[in-house]
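What follows is one structure encoded as structure tokens, with my remarks underneath.
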Amino acid sequence: MLLSDILILAIGLILLRVLPRKMQRKLFLFFTVLFIFKLQPAVPIRNFDFWFPFLSLSVTILCWQLCSRSKQKGDFTDLLVILGAIASVELTRLLDISNFLTKTRPPQIQLFLIGLLIFLLLLCLARFLRFRNQKIILTSGIVFLIFLLILLKTPSLTLDISRFLRMISGQSAENAAISDVRWLGISYLVFRLLAVLIDTRNGRKFSMPLGDFLIYVCFPPALSAGPIDRYDRFSKDLNAVSGELSGDFMAAFERISVGLFKKFILADSLSIVALSSQNSHLWIHPFWAWCALFFYGLQIYFDFSGYSDIAIGLGRLIGIHLPENFQHPYLKPDISKFWNNWHMTLTQWIRSYVFNPMTRKMRSNKAHPLPPWLIILVTQMTTMLIIGLWHGVTVNFLIWGAWHGFGLFFHQQYYQITKNLITELQEHKRLLYHAYTILSTTVTIFFVMAGWIWFVIPSTGDALQFFSRLF
């Protein structure tokens, strides 16, 4: 998100906040749709800075249609507002202001109408199917979203997608590149939709109005990099929005200022000297190699937590209290506490929909119980491998996930052995306990930093070479 986008978004949210309640919700929905197109980065594939946001909106509405039991009359009005906003973006093609809401000119009217017709036919089909074999339909939706993430996170498959999209757009497939497929916020959008589909499949009733649901899934401040909010919590805030600005405005301004400083001052400055895939071969001496690695660890923290601060601050401007995403993770004394405070909403999502169900399933076999250590190993390793692959289906992201999976398992076993001793130190030998905390925090920091090697360097061979230089 650019500084200009942040400024426009902040002004827009403030203006929406002070509008009368009856006007506020529909204009908020209209504004959300427009800003999805505004935030979408430019892509070299013709018209796809329009089609990617269009697909995001389409998938969101289709999932709502499959899950929702809302029978409010306003749902049809919400759909008209959404389609009206999309049509407004398309009409910029005729007004010679095509780079105002999209980075390039929207598609031809005929292509837009064909895309719109296909979407409406799918929406009618979803409405028809949701009352027939609902569990099968919802399971199919879950599988589709997971398959979509795999396609977009696997470099070789993403390259094939780029070739295909270039071919249907009348461009040369020979110029295809992985970076062609830059789909704004698709990872976060998919996780929000998966939560709703899974909960509905498990029997939870879902009756969120269409407009509220689309604002939740595509909330502009949190669309591209989180946090991942829960729809029931978000809905409460959305329904409680009032025209009062005083308290929220100051808190929002402070949070946005901190986020801007982290992201555009600290993170951008550190990027000059931080480890990267391009400069990894330049760091020969172990001391400077460690420095470059620590600079990268700080850069990614300030960049990511800074964006989260901006998103949380922007949310406060409209009365939405997004959940915290980072709580000083590098100051935690063990790897478990690190992951409880790093990208918290992602780890909570994985815990709710992967770790806890797997643990319950593995413990349910009373006739042939599995050893507790094996359950911990399998569940923690699976959890961290999924988090690694969520960033990209590559060998190095898999190694990064396994690195943290083994770290969590080792810490769990170590804690079981030493917890009584640590409690004794904490209660009766405070000086030794503080020394132990400093030592354990230092070890945790070095372990996390060493893991970033697999995250930042895409080539396994280059990552191993850099790893060897540290020692």
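The way I read the labels, and the way they are meant: chains A, B, ... in the order of the structure tokens, residue 1 as the first residue of every chain, and ligand 1 as the first ligand shown, with later ones counted on from there.
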Query - Distance query Ala311 in chain A at most 8 Å, only C-alpha atoms, self and fewer than 3 positions along chain excluded, as number ranges by chain - result: A: 221-222, 226-227, 256, 307-308, 314-315, 322
Selection to disk with N, CA and C atoms, as an mmCIF file, in the first residue's frame:
```
data_model
loop_
_atom_site.group_PDB
_atom_site.id
_atom_site.type_symbol
_atom_site.label_atom_id
_atom_site.label_comp_id
_atom_site.auth_asym_id
_atom_site.auth_seq_id
_atom_site.Cartn_x
_atom_site.Cartn_y
_atom_site.Cartn_z
ATOM 1 N N PRO A 221 -8.232 -1.848 4.565
ATOM 2 C CA PRO A 221 -6.994 -1.774 5.346
ATOM 3 C C PRO A 221 -6.340 -3.130 5.611
ATOM 4 N N ALA A 222 -7.154 -4.188 5.718
ATOM 5 C CA ALA A 222 -6.620 -5.496 6.086
ATOM 6 C C ALA A 222 -6.574 -6.482 4.924
ATOM 7 N N GLY A 226 -3.449 -8.571 6.107
ATOM 8 C CA GLY A 226 -4.021 -8.889 7.404
ATOM 9 C C GLY A 226 -4.191 -7.669 8.283
ATOM 10 N N PRO A 227 -4.552 -7.862 9.570
ATOM 11 C CA PRO A 227 -4.774 -9.126 10.265
ATOM 12 C C PRO A 227 -5.987 -9.911 9.750
ATOM 13 N N ILE A 256 -1.429 4.743 13.351
ATOM 14 C CA ILE A 256 -1.000 4.909 11.967
ATOM 15 C C ILE A 256 0.392 5.524 11.918
ATOM 16 N N TYR A 307 2.845 -2.516 8.856
ATOM 17 C CA TYR A 307 1.619 -2.564 8.051
ATOM 18 C C TYR A 307 0.421 -2.924 8.926
ATOM 19 N N SER A 308 0.617 -3.854 9.868
ATOM 20 C CA SER A 308 -0.488 -4.220 10.760
ATOM 21 C C SER A 308 -0.932 -3.030 11.589
ATOM 22 N N LEU A 314 -6.200 2.439 10.656
ATOM 23 C CA LEU A 314 -7.222 2.797 9.668
ATOM 24 C C LEU A 314 -8.570 2.207 10.056
ATOM 25 N N GLY A 315 -8.557 0.998 10.583
ATOM 26 C CA GLY A 315 -9.809 0.401 11.037
ATOM 27 C C GLY A 315 -10.465 1.208 12.139
ATOM 28 N N LEU A 322 -9.608 -3.993 14.679
ATOM 29 C CA LEU A 322 -8.960 -5.208 14.179
ATOM 30 C C LEU A 322 -8.085 -5.819 15.267
#
```
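The list of residues with at least one atom within 9 Å of range 62-68 of chain A, based on only C-alpha atoms and without residues fewer than 5 positions apart in the same chain, reads Leu57, Phe119, Leu122, Leu123, Ala126, Arg127, Leu129, Arg130, Phe131, Gln134, Ile137, Leu138, Gly141, Leu193, Val196, Leu197, Thr200, Arg201, Lys205, Phe206, Ser207, Met208, Pro209, Leu210, Phe213 and Leu214 of chain A.
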Please report as CSV every residue of range 163-265 of chain A lying within 12 Å of range 389-411 of chain A, along with the nearest atom pair and their distance in Å (one decimal), using only C-alpha atoms.
```
residue,atom,partner,partner_atom,distance
A:Ile178,CA,A:Gly392,CA,11.9
A:Ile186,CA,A:Trp390,CA,11.1
A:Ser187,CA,A:Trp390,CA,7.7
A:Tyr188,CA,A:Trp390,CA,10.1
A:Val190,CA,A:Trp390,CA,10.9
A:Phe191,CA,A:Trp390,CA,10.1
A:Ala225,CA,A:His391,CA,11.8
```
Selection from above, N, CA and C atoms, as a CSV table (one decimal), in the first residue's frame, can you write it?
```csv
chain,number,residue,atom,x,y,z
A,178,ILE,N,6.6,-15.5,-13.2
A,178,ILE,CA,5.8,-15.7,-12.0
A,178,ILE,C,5.2,-14.4,-11.4
A,186,ILE,N,-5.0,-12.3,-2.0
A,186,ILE,CA,-5.7,-13.5,-2.2
A,186,ILE,C,-5.5,-14.5,-1.0
A,187,SER,N,-4.3,-14.5,-0.4
A,187,SER,CA,-4.0,-15.4,0.7
A,187,SER,C,-5.0,-15.1,1.9
A,188,TYR,N,-5.1,-13.9,2.2
A,188,TYR,CA,-5.9,-13.5,3.3
A,188,TYR,C,-7.4,-13.6,3.0
A,190,VAL,N,-8.7,-15.8,1.0
A,190,VAL,CA,-9.0,-17.3,1.0
A,190,VAL,C,-9.2,-17.8,2.4
A,191,PHE,N,-8.3,-17.3,3.3
A,191,PHE,CA,-8.4,-17.8,4.7
A,191,PHE,C,-9.7,-17.4,5.4
A,225,ALA,N,-2.5,-7.6,3.7
A,225,ALA,CA,-1.6,-8.2,4.6
A,225,ALA,C,-2.1,-8.4,6.0
```
Each residue of range 243-340 of chain A lying at most 10 Å from range 457-470 of chain A should get a row with its shortest atom-to-atom pair and the distance in Å to one decimal, counting only C-alpha atoms; could you produce that, ordered by chain and increasing number, as JSON lines?
```
{"residue": "A:Leu275", "atom": "CA", "partner": "A:Ile457", "partner_atom": "CA", "distance": 8.6}
{"residue": "A:Ser276", "atom": "CA", "partner": "A:Ile457", "partner_atom": "CA", "distance": 6.6}
{"residue": "A:Ser277", "atom": "CA", "partner": "A:Ile457", "partner_atom": "CA", "distance": 4.7}
{"residue": "A:Gln278", "atom": "CA", "partner": "A:Ile457", "partner_atom": "CA", "distance": 8.5}
{"residue": "A:Asn279", "atom": "CA", "partner": "A:Ile457", "partner_atom": "CA", "distance": 9.7}
{"residue": "A:Ser280", "atom": "CA", "partner": "A:Phe466", "partner_atom": "CA", "distance": 6.6}
{"residue": "A:His281", "atom": "CA", "partner": "A:Phe466", "partner_atom": "CA", "distance": 7.2}
{"residue": "A:Leu282", "atom": "CA", "partner": "A:Phe466", "partner_atom": "CA", "distance": 9.5}
{"residue": "A:Trp283", "atom": "CA", "partner": "A:Phe466", "partner_atom": "CA", "distance": 7.8}
{"residue": "A:Ile284", "atom": "CA", "partner": "A:Arg469", "partner_atom": "CA", "distance": 6.3}
{"residue": "A:His285", "atom": "CA", "partner": "A:Arg469", "partner_atom": "CA", "distance": 6.9}
{"residue": "A:Pro286", "atom": "CA", "partner": "A:Leu470", "partner_atom": "CA", "distance": 4.5}
{"residue": "A:Phe287", "atom": "CA", "partner": "A:Leu470", "partner_atom": "CA", "distance": 7.4}
{"residue": "A:Trp288", "atom": "CA", "partner": "A:Leu470", "partner_atom": "CA", "distance": 8.7}
{"residue": "A:Ala289", "atom": "CA", "partner": "A:Leu470", "partner_atom": "CA", "distance": 6.0}
{"residue": "A:Trp290", "atom": "CA", "partner": "A:Leu470", "partner_atom": "CA", "distance": 6.3}
{"residue": "A:Cys291", "atom": "CA", "partner": "A:Leu470", "partner_atom": "CA", "distance": 9.9}
{"residue": "A:Leu293", "atom": "CA", "partner": "A:Leu470", "partner_atom": "CA", "distance": 9.4}
```
Report task. Would you mind listing what lies within 9 Å of Leu79 in chain A as a ChimeraX atom specification, with only C-alpha atoms counted and same-chain residues fewer than 5 positions away left out? Result -> /A:61,74,84,210-211
Same residues, N, CA and C atoms, output as a CSV table (one decimal), in the first residue's frame:
```csv
chain,number,residue,atom,x,y,z
A,61,ILE,N,-18.8,-13.3,-3.0
A,61,ILE,CA,-20.2,-13.3,-3.1
A,61,ILE,C,-20.7,-14.8,-3.3
A,74,GLY,N,-32.4,-6.4,2.2
A,74,GLY,CA,-31.3,-5.5,1.8
A,74,GLY,C,-30.2,-6.3,1.1
A,84,GLY,N,-23.0,-2.0,-9.1
A,84,GLY,CA,-22.9,-0.7,-9.5
A,84,GLY,C,-21.5,-0.1,-9.4
A,210,LEU,N,-25.2,-9.7,3.0
A,210,LEU,CA,-24.2,-9.7,1.9
A,210,LEU,C,-23.2,-8.5,2.0
A,211,GLY,N,-23.8,-7.3,2.2
A,211,GLY,CA,-22.9,-6.2,2.3
A,211,GLY,C,-21.9,-6.2,3.4
```
Query raised in the report: With only C-alpha atoms as the basis for distance, which of A:Leu223, A:Ala435, A:Val448, A:Leu2 is at the shortest distance from Ile36 in chain A?
Result: A:Leu223
Query raised in the report: Can you tell me how far CA of Ala42 in chain A sits from CA of Lys103 in chain A, in Å to one decimal?
Result: 5.4 Å
Requested in this report: Mind listing the alpha helix (DSSP H) residues of range 300-457 of chain A, per DSSP on the backbone, as a ChimeraX atom specification?
Outcome: /A:300-317,335-339,344-350,356-363,372-391,395-428,430-456
Resulting file, chosen residues, C-alpha atoms, as a CSV table (one decimal), in the first residue's frame:
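Dumped everything to again16.csv:
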```csv
chain,number,residue,atom,x,y,z
A,300,ILE,CA,10.6,-8.1,8.0
A,301,TYR,CA,9.3,-7.5,11.5
A,302,PHE,CA,9.1,-3.7,11.1
A,303,ASP,CA,7.6,-4.0,7.6
A,304,PHE,CA,5.0,-6.5,8.6
A,305,SER,CA,4.1,-5.2,12.1
A,306,GLY,CA,4.2,-1.6,10.7
A,307,TYR,CA,1.6,-2.6,8.1
A,308,SER,CA,-0.5,-4.2,10.8
A,309,ASP,CA,-0.3,-1.0,12.8
A,310,ILE,CA,-1.5,1.0,9.8
A,311,ALA,CA,-4.3,-1.4,9.1
A,312,ILE,CA,-5.4,-1.4,12.8
A,313,GLY,CA,-5.2,2.4,12.9
A,314,LEU,CA,-7.2,2.8,9.7
A,315,GLY,CA,-9.8,0.4,11.0
A,316,ARG,CA,-10.2,2.6,14.2
A,317,LEU,CA,-11.1,5.5,11.9
A,335,ILE,CA,9.9,-20.4,20.4
A,336,SER,CA,6.4,-21.2,21.6
A,337,LYS,CA,5.8,-17.7,23.0
A,338,PHE,CA,7.4,-16.3,19.8
A,339,TRP,CA,4.8,-17.9,17.7
A,344,MET,CA,-0.9,-13.9,15.8
A,345,THR,CA,-4.1,-14.0,13.7
A,346,LEU,CA,-2.5,-16.5,11.3
A,347,THR,CA,-1.3,-18.8,14.0
A,348,GLN,CA,-4.7,-18.6,15.8
A,349,TRP,CA,-6.4,-19.4,12.5
A,350,ILE,CA,-4.2,-22.4,12.0
A,356,ASN,CA,-6.9,-28.4,17.4
A,357,PRO,CA,-9.0,-30.7,15.1
A,358,MET,CA,-5.9,-32.8,14.4
A,359,THR,CA,-5.1,-33.1,18.1
A,360,ARG,CA,-8.7,-34.1,18.9
A,361,LYS,CA,-8.8,-36.7,16.1
A,362,MET,CA,-5.5,-38.3,17.1
A,363,ARG,CA,-6.5,-38.5,20.8
A,372,PRO,CA,1.6,-38.0,23.6
A,373,TRP,CA,5.0,-37.1,22.1
A,374,LEU,CA,4.0,-38.4,18.7
A,375,ILE,CA,0.8,-36.4,18.7
A,376,ILE,CA,2.7,-33.3,19.6
A,377,LEU,CA,5.3,-33.9,16.9
A,378,VAL,CA,2.8,-34.6,14.1
A,379,THR,CA,0.4,-31.8,14.9
A,380,GLN,CA,3.1,-29.1,15.5
A,381,MET,CA,5.0,-30.2,12.4
A,382,THR,CA,1.9,-30.2,10.3
A,383,THR,CA,0.9,-26.8,11.5
A,384,MET,CA,4.3,-25.2,10.8
A,385,LEU,CA,4.6,-26.9,7.4
A,386,ILE,CA,1.2,-25.4,6.4
A,387,ILE,CA,2.3,-22.0,7.6
A,388,GLY,CA,5.5,-22.4,5.5
A,389,LEU,CA,3.7,-23.5,2.4
A,390,TRP,CA,1.2,-20.7,2.8
A,391,HIS,CA,4.0,-18.4,2.0
A,395,VAL,CA,11.5,-26.5,-0.8
A,396,ASN,CA,12.9,-23.6,1.2
A,397,PHE,CA,9.5,-22.6,2.7
A,398,LEU,CA,9.0,-26.3,3.5
A,399,ILE,CA,12.4,-26.3,5.3
A,400,TRP,CA,11.5,-23.1,7.1
A,401,GLY,CA,8.3,-24.7,8.3
A,402,ALA,CA,10.0,-27.9,9.4
A,403,TRP,CA,12.7,-25.8,11.2
A,404,HIS,CA,10.1,-24.2,13.4
A,405,GLY,CA,8.1,-27.4,13.7
A,406,PHE,CA,11.1,-29.2,15.2
A,407,GLY,CA,11.9,-26.2,17.3
A,408,LEU,CA,8.4,-26.2,18.8
A,409,PHE,CA,8.6,-29.9,19.4
A,410,PHE,CA,12.0,-29.8,21.1
A,411,HIS,CA,10.9,-26.9,23.3
A,412,GLN,CA,7.7,-28.8,24.3
A,413,GLN,CA,9.8,-31.8,25.4
A,414,TYR,CA,12.4,-29.6,27.1
A,415,TYR,CA,9.6,-27.7,29.0
A,416,GLN,CA,8.1,-30.9,30.3
A,417,ILE,CA,11.4,-31.9,31.8
A,418,THR,CA,12.4,-28.5,33.2
A,419,LYS,CA,9.1,-26.8,34.2
A,420,ASN,CA,9.4,-27.7,37.9
A,421,LEU,CA,13.0,-26.4,38.0
A,422,ILE,CA,12.0,-23.2,36.2
A,423,THR,CA,9.1,-22.7,38.6
A,424,GLU,CA,11.5,-23.2,41.5
A,425,LEU,CA,13.9,-20.6,40.1
A,426,GLN,CA,11.1,-18.1,39.5
A,427,GLU,CA,9.7,-18.4,43.0
A,428,HIS,CA,12.9,-18.6,45.1
A,430,ARG,CA,14.9,-14.5,41.1
A,431,LEU,CA,18.4,-13.5,40.0
A,432,LEU,CA,19.1,-16.9,38.5
A,433,TYR,CA,15.7,-16.9,36.9
A,434,HIS,CA,16.3,-13.5,35.2
A,435,ALA,CA,19.7,-14.8,34.0
A,436,TYR,CA,18.0,-17.9,32.6
A,437,THR,CA,15.3,-15.8,30.9
A,438,ILE,CA,18.0,-13.6,29.2
A,439,LEU,CA,19.8,-16.7,28.0
A,440,SER,CA,16.7,-18.4,26.7
A,441,THR,CA,15.6,-15.2,24.9
A,442,THR,CA,19.0,-15.0,23.3
A,443,VAL,CA,18.9,-18.6,22.1
A,444,THR,CA,15.4,-18.1,20.8
A,445,ILE,CA,16.4,-15.0,18.8
A,446,PHE,CA,19.3,-16.7,17.2
A,447,PHE,CA,17.2,-19.8,16.4
A,448,VAL,CA,14.5,-17.6,14.7
A,449,MET,CA,17.1,-15.5,12.9
A,450,ALA,CA,18.8,-18.6,11.5
A,451,GLY,CA,15.4,-19.8,10.3
A,452,TRP,CA,15.0,-16.7,8.2
A,453,ILE,CA,17.7,-17.9,5.9
A,454,TRP,CA,15.3,-20.4,4.3
A,455,PHE,CA,12.7,-17.7,4.1
A,456,VAL,CA,14.7,-15.0,2.3
```
Query raised in the report: Quick one: of A:Leu34, A:Leu260, A:Leu159, A:Ile146, who's nearest to Ser179 in chain A, counting only C-alpha atoms?
Result: A:Leu159
Residues at most 10 Å from Arg233 in chain A, counting only C-alpha atoms, excluding those fewer than 6 positions away in the same chain, as a compact mmCIF listing (two decimals) with N, CA and C atoms, in the first residue's frame?
```txt
# COMPACT_ATOMS: atom_id res chain seq x y z
N TYR A 216 -16.38 -7.34 5.41
CA TYR A 216 -15.51 -8.14 6.28
C TYR A 216 -14.39 -8.81 5.49
N ILE A 320 -13.78 0.10 13.50
CA ILE A 320 -13.48 -1.34 13.48
C ILE A 320 -12.20 -1.59 14.26
N HIS A 321 -12.26 -2.42 15.28
CA HIS A 321 -11.09 -2.73 16.11
C HIS A 321 -10.49 -4.06 15.65
N LEU A 322 -9.61 -3.99 14.68
CA LEU A 322 -8.96 -5.21 14.18
C LEU A 322 -8.08 -5.82 15.27
N PRO A 323 -7.94 -7.15 15.27
CA PRO A 323 -7.13 -7.80 16.32
C PRO A 323 -5.65 -7.49 16.17
```
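Rounded to one decimal, CA of Gln40 in chain A and CA of Phe100 in chain A lie 11.8 Å from each other.
You can rank A:Leu7, A:Leu145, A:Met167, A:Ile45 by their closest distance to Pro106 in chain A using only C-alpha atoms, and at the top of that list sits A:Ile45.
Residue nearest Pro20 in chain A within the list A:Thr77, A:Ile136, A:Val241, A:Lys236: A:Val241 [criterion: smallest interatomic distance, only C-alpha atoms].
Residues in contact range of Asp5 in chain A, defined as at most 10 Å between only C-alpha atoms, with sequence neighbours fewer than 6 positions away removed, read Ile11, Phe35, Lys38, Leu39 and Pro221 of chain A.
Picture a line from CA of Asp78 in chain A to CA of Thr104 in chain A; it runs 27.1 Å.
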